[in-house]
Structures are given as C-alpha cells and as structure tokens.
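Scroll down for the structure; my scribbles are underneath it.
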Amino acid sequence: MQKMEPERLFSFTWKVDPKIDPEQTPTLVEFRLEKTASGTLPLLTESGFDKIPGDRGLEAFRMNDGG
C-alpha cells in the first residue's frame, strides 16, 4: 500500500509481468472517490508505464487495457 485516506483514496504499487519487464518497474494504481452534486464518482488510474524501459512500457500498457 502506498497511501490511504479513508473514504477518499487508496493506492498501491503493482509490478508488471517479469516476462515484459524483467527489472520489475512498478506502476502506481489509485482508487479515488470524489463527491459530486448527484453522489460519488469513482476514479481509477494507473501510472508509471512511462518509467518502464524501452518498448516494454508500451507492451505492458497494451496488455493492461482489459483491466
């Protein structure tokens, strides 16, 4: 776990498949809840693919588009 703010944010690092990134460069996954006028908006982001060396980052990103 990276960071936790109850009822607002939970984040953790995730390591890409070692076949794609042998150096195991982690990405950051964040789950956020934001209040809106009509309720709550859940947001999910994953960042750090640009830190994975070479074309491996692009391949990791492509393989992750299904969730």
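Identifiers for the structure tokens are assigned positionally: chains receive A, B, ... in sequence, residues are indexed from 1 per chain, and ligands are indexed from 1 in the order shown.
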
Going by DSSP on the backbone, which residues of chain A come out as helix (DSSP H, G or I)? List them as a PyMOL selection string. chain A and resi 49-51+56-63

Output file for the residues above (all heavy atoms, as a compact mmCIF listing (two decimals), in the first residue's frame):
# COMPACT_ATOMS: atom_id res chain seq x y z
N PHE A 49 3.79 3.71 -16.49
CA PHE A 49 4.20 2.93 -17.65
C PHE A 49 5.37 3.59 -18.38
O PHE A 49 6.19 2.91 -18.98
CB PHE A 49 3.03 2.71 -18.61
CG PHE A 49 1.96 1.83 -18.05
CD1 PHE A 49 0.81 2.38 -17.51
CD2 PHE A 49 2.10 0.45 -18.04
CE1 PHE A 49 -0.19 1.57 -16.99
CE2 PHE A 49 1.11 -0.37 -17.52
CZ PHE A 49 -0.04 0.19 -16.99
N ASP A 50 5.42 4.92 -18.31
CA ASP A 50 6.50 5.66 -18.98
C ASP A 50 7.86 5.44 -18.32
O ASP A 50 8.89 5.74 -18.91
CB ASP A 50 6.18 7.15 -19.02
CG ASP A 50 5.96 7.75 -17.65
OD1 ASP A 50 5.50 7.03 -16.74
OD2 ASP A 50 6.24 8.95 -17.48
N LYS A 51 7.87 4.88 -17.11
CA LYS A 51 9.14 4.61 -16.41
C LYS A 51 9.69 3.22 -16.71
O LYS A 51 10.81 2.89 -16.34
CB LYS A 51 8.95 4.79 -14.91
CG LYS A 51 8.65 6.23 -14.55
CD LYS A 51 8.45 6.41 -13.09
CE LYS A 51 8.16 7.87 -12.82
NZ LYS A 51 7.07 8.07 -11.92
N ARG A 56 9.11 -1.91 -23.57
CA ARG A 56 8.43 -2.78 -22.60
C ARG A 56 7.27 -2.05 -21.94
O ARG A 56 6.26 -2.66 -21.61
CB ARG A 56 9.42 -3.29 -21.57
CG ARG A 56 10.48 -4.19 -22.18
CD ARG A 56 11.38 -4.81 -21.15
NE ARG A 56 11.93 -3.83 -20.23
CZ ARG A 56 13.21 -3.72 -19.94
NH1 ARG A 56 14.09 -4.54 -20.49
NH2 ARG A 56 13.64 -2.82 -19.09
N GLY A 57 7.41 -0.74 -21.72
CA GLY A 57 6.34 0.03 -21.11
C GLY A 57 5.10 0.07 -21.98
O GLY A 57 3.97 -0.09 -21.50
N LEU A 58 5.30 0.25 -23.28
CA LEU A 58 4.18 0.27 -24.22
C LEU A 58 3.49 -1.09 -24.25
O LEU A 58 2.26 -1.18 -24.24
CB LEU A 58 4.67 0.67 -25.61
CG LEU A 58 3.60 0.78 -26.68
CD1 LEU A 58 2.51 1.76 -26.30
CD2 LEU A 58 4.24 1.18 -28.00
N GLU A 59 4.28 -2.15 -24.26
CA GLU A 59 3.71 -3.50 -24.26
C GLU A 59 2.94 -3.77 -22.98
O GLU A 59 1.84 -4.33 -23.00
CB GLU A 59 4.81 -4.55 -24.45
CG GLU A 59 4.31 -5.98 -24.47
CD GLU A 59 3.36 -6.29 -25.63
OE1 GLU A 59 3.31 -5.53 -26.61
OE2 GLU A 59 2.65 -7.31 -25.54
N ALA A 60 3.47 -3.36 -21.83
CA ALA A 60 2.77 -3.53 -20.55
C ALA A 60 1.45 -2.77 -20.56
O ALA A 60 0.43 -3.27 -20.10
CB ALA A 60 3.65 -3.07 -19.40
N PHE A 61 1.47 -1.54 -21.10
CA PHE A 61 0.26 -0.73 -21.18
C PHE A 61 -0.78 -1.41 -22.08
O PHE A 61 -1.96 -1.51 -21.72
CB PHE A 61 0.61 0.66 -21.72
CG PHE A 61 -0.58 1.57 -21.79
CD1 PHE A 61 -1.08 2.17 -20.65
CD2 PHE A 61 -1.18 1.84 -23.01
CE1 PHE A 61 -2.18 3.01 -20.71
CE2 PHE A 61 -2.28 2.68 -23.09
CZ PHE A 61 -2.77 3.27 -21.93
N ARG A 62 -0.37 -1.90 -23.22
CA ARG A 62 -1.29 -2.58 -24.15
C ARG A 62 -1.92 -3.82 -23.52
O ARG A 62 -3.09 -4.09 -23.70
CB ARG A 62 -0.54 -3.00 -25.41
CG ARG A 62 -0.28 -1.88 -26.35
CD ARG A 62 0.37 -2.40 -27.63
NE ARG A 62 0.78 -1.28 -28.45
CZ ARG A 62 1.88 -1.26 -29.17
NH1 ARG A 62 2.67 -2.31 -29.21
NH2 ARG A 62 2.19 -0.20 -29.88
N MET A 63 -1.12 -4.56 -22.78
CA MET A 63 -1.63 -5.78 -22.15
C MET A 63 -2.56 -5.48 -20.99
O MET A 63 -3.30 -6.34 -20.54
CB MET A 63 -0.48 -6.66 -21.67
CG MET A 63 0.31 -7.26 -22.81
SD MET A 63 1.61 -8.35 -22.24
CE MET A 63 0.67 -9.66 -21.51

For stretch 32-47 of chain A: contacts at 6 Å, only C-alpha atoms, fewer than 5 positions along chain excluded, given as a PyMOL selection string: chain A and resi 8-9+27

Interface rows for stretch 12-66 of chain A against stretch 1-6 of chain A: nearest pair, Å to one decimal, 12 Å, only C-alpha atoms, as CSV:
residue,atom,partner,partner_atom,distance
A:Phe12,CA,A:Met1,CA,4.3
A:Thr13,CA,A:Gln2,CA,6.8
A:Trp14,CA,A:Met1,CA,9.7
A:Pro26,CA,A:Gln2,CA,11.7
A:Thr27,CA,A:Gln2,CA,11.2
A:Leu28,CA,A:Gln2,CA,8.4
A:Val29,CA,A:Gln2,CA,9.1
A:Glu30,CA,A:Lys3,CA,8.9
A:Phe31,CA,A:Met4,CA,9.6
A:Arg32,CA,A:Glu5,CA,9.3
A:Leu33,CA,A:Pro6,CA,9.8

Considering only strand (DSSP E) as DSSP defines it on the backbone, what residues of chain A qualify? List them as JSON, numbers by chain. {"A": [3, 4, 5, 9, 10, 11, 12, 13, 14, 15, 26, 27, 28, 29, 30, 31, 32, 33, 34, 35, 36, 39, 40, 41, 42, 43, 44, 45, 46, 47]}
